[in-house]
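Enquirer: This structure is in structure tokens; I'll ask about it shortly.
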Amino acid sequence: REIVNGLEINNSKLYHLGLSPVKRSTLADANKIRSYQIYASLFYKILSKCKE
């Protein structure tokens with residue numbers, strides 16, 4: 001929801017980039033097919049940076 005709210009706040013900027021408003025269901029559909037391993041590896045990379 002935070003991502004959708006952030007995108008809604010910037011709808012006018014998205015319009016100027018030639019993009020249409022993003023719906024929450026669109027993001028949910030994308031997350032259904034996206035593998036969680038992408039986020040897990042990113043998390044551990046960021047975590048290692050925080051420990052330095």
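Letters A, B, ... mark the chains of the structure tokens in the order given; residue numbers begin at 1 per chain; ligand numbers begin at 1, in order shown.
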Could you give me, as a list in words, the residues within 12 Å of Ala28 of chain A, counting only C-alpha atoms and dropping anything in the same chain fewer than 4 positions from it?

Expert: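 So the residues in contact are Arg1, Ile3, Val4, Val22, Lys23, Arg24, Lys32, Ile33 and Arg34 of chain A.
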
Enquirer: May I have the residues from that selection written out with N, CA and C atoms, as a PDB file, in the first residue's frame?

Expert:
ATOM      1  N   ARG A   1       0.822  -1.198   0.000  1.00  0.00           N
ATOM      2  CA  ARG A   1       0.000   0.000   0.000  1.00  0.00           C
ATOM      3  C   ARG A   1       0.857   1.248   0.000  1.00  0.00           C
ATOM      4  N   ILE A   3       3.697   1.704  -1.461  1.00  0.00           N
ATOM      5  CA  ILE A   3       4.175   1.951  -2.820  1.00  0.00           C
ATOM      6  C   ILE A   3       3.069   2.586  -3.651  1.00  0.00           C
ATOM      7  N   VAL A   4       1.863   2.051  -3.550  1.00  0.00           N
ATOM      8  CA  VAL A   4       0.732   2.591  -4.305  1.00  0.00           C
ATOM      9  C   VAL A   4       0.459   4.025  -3.873  1.00  0.00           C
ATOM     10  N   VAL A  22      -0.787   3.470 -11.339  1.00  0.00           N
ATOM     11  CA  VAL A  22      -0.584   2.063 -10.977  1.00  0.00           C
ATOM     12  C   VAL A  22      -1.616   1.673  -9.935  1.00  0.00           C
ATOM     13  N   LYS A  23      -2.285   0.577 -10.172  1.00  0.00           N
ATOM     14  CA  LYS A  23      -3.285   0.061  -9.237  1.00  0.00           C
ATOM     15  C   LYS A  23      -2.650  -0.959  -8.300  1.00  0.00           C
ATOM     16  N   ARG A  24      -3.204  -1.064  -7.104  1.00  0.00           N
ATOM     17  CA  ARG A  24      -2.685  -2.015  -6.121  1.00  0.00           C
ATOM     18  C   ARG A  24      -2.788  -3.446  -6.640  1.00  0.00           C
ATOM     19  N   LYS A  32       2.774 -12.001  -7.387  1.00  0.00           N
ATOM     20  CA  LYS A  32       2.415 -13.415  -7.426  1.00  0.00           C
ATOM     21  C   LYS A  32       3.386 -14.210  -8.291  1.00  0.00           C
ATOM     22  N   ILE A  33       3.845 -13.591  -9.378  1.00  0.00           N
ATOM     23  CA  ILE A  33       4.708 -14.321 -10.308  1.00  0.00           C
ATOM     24  C   ILE A  33       6.193 -14.082 -10.057  1.00  0.00           C
ATOM     25  N   ARG A  34       6.509 -13.109  -9.214  1.00  0.00           N
ATOM     26  CA  ARG A  34       7.908 -12.782  -8.924  1.00  0.00           C
ATOM     27  C   ARG A  34       8.421 -13.688  -7.806  1.00  0.00           C
TER      28      ARG A  34
END

Enquirer: Among chain A, which residues does DSSP mark as helix (DSSP H, G or I) when it is run on the backbone? Keep the chain and numbering as in the structure and answer as number ranges by chain.

Expert: A: 2-9, 11-16, 24-33, 36-51

Enquirer: By how many Å are atom CA of Glu8 of chain A and atom CA of Ser20 of chain A apart?

Expert: 10.4 Å

Enquirer: Which residues are close to Pro21 of chain A, i.e. within 9 Å by only C-alpha atoms, leaving aside same-chain residues fewer than 2 positions away? Reply as a list in words.

Expert: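 Here the qualifying residues turn out to be Leu7, Glu8, Asn11, Leu14, Tyr15, Leu19 and Lys23 of chain A.
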
Enquirer: Go ahead and compute the interatomic distance for atom CA of Leu42 of chain A and atom CA of Gly18 of chain A, in Å to one decimal.

Expert: 29.0 Å
